[in-house]
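Report on the structure given below.
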Amino acid sequence: MFIAVHLHVGVYGLRRSAAWSSASIAGDNMTINFPNRSRSYDATRRAVHFWGYDRSMESSFFIMADALKQMEPNLRSDATDILRAFDVNRERIYSIAAKVYARGRRGTYDLNVGDV
């Protein structure tokens, strides 16, 4: 797996975006980028929603609270703590998301306990 971190300096200072490249089973090279650092808590799904981009195609990713609890065993179930756990583990989550993405393209991708 190839991991590239890009640094951008703009009006608002230093910004980092990450690109993960994975080879699929068929050998196609699929690159997913996570330049958008936005994330939100979806109470209905009990998951953090974030977005990745493959060229101009946007894909939605959801990491379930149970998967975050695997990373942070003392995680409380409130939205603030779940979003904090996402932020602390963001690079690891992006890496997991790239692996899930490489399994095949879909509209949305769920990251579950078995993925972490």
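Labels used: A, B, ... for chains in the order of the structure tokens, numbers from 1 for residues in each chain, and numbers from 1 for ligands as shown.
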
Using only C-alpha atoms, determine which residues lie at most 9 Å from range 56-65 of chain A, disregarding the query and same-chain residues fewer than 6 positions distant; provide the list as a ChimeraX atom specification. /A:42,45-50,75,77,82,86,93,97,105-113

Can those selected residues be exported to a file as a PDB file, in the first residue's frame so that it contains N, CA and C atoms?
ATOM      1  N   ASP A  42     -23.615  10.624  13.230  1.00  0.00           N
ATOM      2  CA  ASP A  42     -24.945  10.201  12.803  1.00  0.00           C
ATOM      3  C   ASP A  42     -25.533   9.346  13.931  1.00  0.00           C
ATOM      4  N   ARG A  45     -27.320   5.946  12.971  1.00  0.00           N
ATOM      5  CA  ARG A  45     -26.426   4.820  12.653  1.00  0.00           C
ATOM      6  C   ARG A  45     -25.427   4.544  13.762  1.00  0.00           C
ATOM      7  N   ARG A  46     -25.325   5.447  14.733  1.00  0.00           N
ATOM      8  CA  ARG A  46     -24.280   5.378  15.768  1.00  0.00           C
ATOM      9  C   ARG A  46     -22.915   5.257  15.095  1.00  0.00           C
ATOM     10  N   ALA A  47     -22.633   6.233  14.236  1.00  0.00           N
ATOM     11  CA  ALA A  47     -21.410   6.200  13.440  1.00  0.00           C
ATOM     12  C   ALA A  47     -20.953   7.620  13.130  1.00  0.00           C
ATOM     13  N   VAL A  48     -19.663   7.745  12.840  1.00  0.00           N
ATOM     14  CA  VAL A  48     -19.105   9.004  12.359  1.00  0.00           C
ATOM     15  C   VAL A  48     -19.075   8.930  10.839  1.00  0.00           C
ATOM     16  N   HIS A  49     -19.622   9.957  10.212  1.00  0.00           N
ATOM     17  CA  HIS A  49     -19.691  10.058   8.762  1.00  0.00           C
ATOM     18  C   HIS A  49     -18.541  10.942   8.273  1.00  0.00           C
ATOM     19  N   PHE A  50     -17.810  10.468   7.275  1.00  0.00           N
ATOM     20  CA  PHE A  50     -16.754  11.261   6.660  1.00  0.00           C
ATOM     21  C   PHE A  50     -16.701  10.918   5.177  1.00  0.00           C
ATOM     22  N   LEU A  75     -14.065   4.581  25.586  1.00  0.00           N
ATOM     23  CA  LEU A  75     -14.939   5.502  24.865  1.00  0.00           C
ATOM     24  C   LEU A  75     -16.327   5.545  25.494  1.00  0.00           C
ATOM     25  N   SER A  77     -20.374   6.901  25.192  1.00  0.00           N
ATOM     26  CA  SER A  77     -21.283   6.818  24.048  1.00  0.00           C
ATOM     27  C   SER A  77     -21.853   8.160  23.600  1.00  0.00           C
ATOM     28  N   ILE A  82     -17.244  10.456  20.900  1.00  0.00           N
ATOM     29  CA  ILE A  82     -17.088   9.643  19.687  1.00  0.00           C
ATOM     30  C   ILE A  82     -16.354  10.439  18.609  1.00  0.00           C
ATOM     31  N   PHE A  86     -12.628   9.761  16.900  1.00  0.00           N
ATOM     32  CA  PHE A  86     -12.369   9.791  15.459  1.00  0.00           C
ATOM     33  C   PHE A  86     -11.165  10.688  15.167  1.00  0.00           C
ATOM     34  N   ILE A  93      -7.919   5.483  10.819  1.00  0.00           N
ATOM     35  CA  ILE A  93      -9.238   5.289  10.209  1.00  0.00           C
ATOM     36  C   ILE A  93      -9.156   5.462   8.699  1.00  0.00           C
ATOM     37  N   ALA A  97     -10.166   2.754   5.986  1.00  0.00           N
ATOM     38  CA  ALA A  97     -11.141   3.112   4.954  1.00  0.00           C
ATOM     39  C   ALA A  97     -10.602   2.801   3.556  1.00  0.00           C
ATOM     40  N   ARG A 105     -15.861  -0.803  -5.352  1.00  0.00           N
ATOM     41  CA  ARG A 105     -16.516   0.504  -5.285  1.00  0.00           C
ATOM     42  C   ARG A 105     -18.006   0.364  -5.006  1.00  0.00           C
ATOM     43  N   ARG A 106     -18.455   1.183  -4.063  1.00  0.00           N
ATOM     44  CA  ARG A 106     -19.877   1.284  -3.707  1.00  0.00           C
ATOM     45  C   ARG A 106     -20.175   2.752  -3.432  1.00  0.00           C
ATOM     46  N   GLY A 107     -21.401   3.047  -3.153  1.00  0.00           N
ATOM     47  CA  GLY A 107     -21.771   4.426  -2.821  1.00  0.00           C
ATOM     48  C   GLY A 107     -21.369   4.806  -1.415  1.00  0.00           C
ATOM     49  N   THR A 108     -21.551   3.876  -0.460  1.00  0.00           N
ATOM     50  CA  THR A 108     -21.172   4.122   0.926  1.00  0.00           C
ATOM     51  C   THR A 108     -20.378   2.934   1.449  1.00  0.00           C
ATOM     52  N   TYR A 109     -19.554   3.210   2.431  1.00  0.00           N
ATOM     53  CA  TYR A 109     -18.678   2.201   3.008  1.00  0.00           C
ATOM     54  C   TYR A 109     -18.812   2.236   4.520  1.00  0.00           C
ATOM     55  N   ASP A 110     -19.099   1.090   5.118  1.00  0.00           N
ATOM     56  CA  ASP A 110     -19.202   0.985   6.570  1.00  0.00           C
ATOM     57  C   ASP A 110     -17.940   0.325   7.116  1.00  0.00           C
ATOM     58  N   LEU A 111     -17.336   0.940   8.114  1.00  0.00           N
ATOM     59  CA  LEU A 111     -16.177   0.389   8.794  1.00  0.00           C
ATOM     60  C   LEU A 111     -16.677  -0.166  10.128  1.00  0.00           C
ATOM     61  N   ASN A 112     -16.580  -1.471  10.265  1.00  0.00           N
ATOM     62  CA  ASN A 112     -17.111  -2.189  11.421  1.00  0.00           C
ATOM     63  C   ASN A 112     -15.990  -2.715  12.294  1.00  0.00           C
ATOM     64  N   VAL A 113     -16.361  -3.337  13.408  1.00  0.00           N
ATOM     65  CA  VAL A 113     -15.397  -3.904  14.348  1.00  0.00           C
ATOM     66  C   VAL A 113     -14.414  -4.840  13.634  1.00  0.00           C
TER      67      VAL A 113
END

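The environment of Arg92 in chain A within 12 Å, counting only C-alpha atoms and disregarding residues fewer than 4 places along the same chain, consists of A:Ile3, A:Ala18, A:Trp20, A:Ile63, A:Ala67, A:Leu68, A:Met71, A:Ala85, A:Phe86, A:Asp87, A:Val88, A:Ile96, A:Ala97, A:Ala98, A:Lys99, A:Leu111, A:Asp115, A:Val116.
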
Serialized selection, C-alpha atoms, as a JSON list (two decimals), in the first residue's frame:
[["chain", "number", "residue", "atom", "x", "y", "z"],
["A", 3, "ILE", "CA", 0.56, 6.34, 1.49],
["A", 18, "ALA", "CA", -3.82, 12.25, 2.79],
["A", 20, "TRP", "CA", -4.06, 6.16, 0.07],
["A", 63, "ILE", "CA", -17.12, 4.20, 11.08],
["A", 67, "ALA", "CA", -15.36, 0.02, 15.86],
["A", 68, "LEU", "CA", -14.14, 3.23, 17.52],
["A", 71, "MET", "CA", -9.60, 1.65, 19.20],
["A", 85, "ALA", "CA", -12.03, 9.39, 19.23],
["A", 86, "PHE", "CA", -12.37, 9.79, 15.46],
["A", 87, "ASP", "CA", -10.08, 12.84, 15.47],
["A", 88, "VAL", "CA", -7.43, 11.12, 17.61],
["A", 96, "ILE", "CA", -8.73, 1.25, 7.24],
["A", 97, "ALA", "CA", -11.14, 3.11, 4.95],
["A", 98, "ALA", "CA", -8.71, 2.75, 2.03],
["A", 99, "LYS", "CA", -8.59, -1.02, 2.58],
["A", 111, "LEU", "CA", -16.18, 0.39, 8.79],
["A", 115, "ASP", "CA", -12.23, -3.93, 9.94],
["A", 116, "VAL", "CA", -10.22, -2.47, 12.79]]

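Counting from CA of Gln70 in chain A, the distance to CA of Arg103 in chain A is 21.8 Å.
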
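Secondary structure of range 33-110 of chain A, strand (DSSP E) only (DSSP, backbone atoms): A:Asn33, A:Ser40, A:Tyr41, A:Asp42, A:Ala47, A:Val48, A:His49, A:Phe50, A:Trp51, A:Gly52, A:Tyr53, A:Asp54, A:Met57, A:Glu58, A:Ser59, A:Ser60, A:Phe61, A:Phe62, A:Ile63, A:Met64, A:Thr108, A:Tyr109, A:Asp110.
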
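One distance worth recording is that between CA of Asn36 in chain A and CA of Asn74 in chain A, which is 27.4 Å.
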
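Shortest atom-to-atom contact with Ala43 in chain A among A:Tyr94, A:Ala102, A:Leu83, A:Glu72: A:Leu83, counting only C-alpha atoms.
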
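Using only C-alpha atoms, the nearest neighbour of Thr80 in chain A within the list A:Ser95, A:Ile32, A:Tyr53, A:Arg39 is A:Arg39.
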
Out of A:Ala79, A:Asp54, A:Val100, A:Lys69, which residue has the shortest atom-to-atom distance to Ser40 in chain A when counting only C-alpha atoms? A:Ala79

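Minimum atom-to-atom distances from A:Asn89, A:Tyr101, A:Arg84, A:Pro73 to Asn33 in chain A were compared using only C-alpha atoms, and the lowest value belongs to A:Tyr101.
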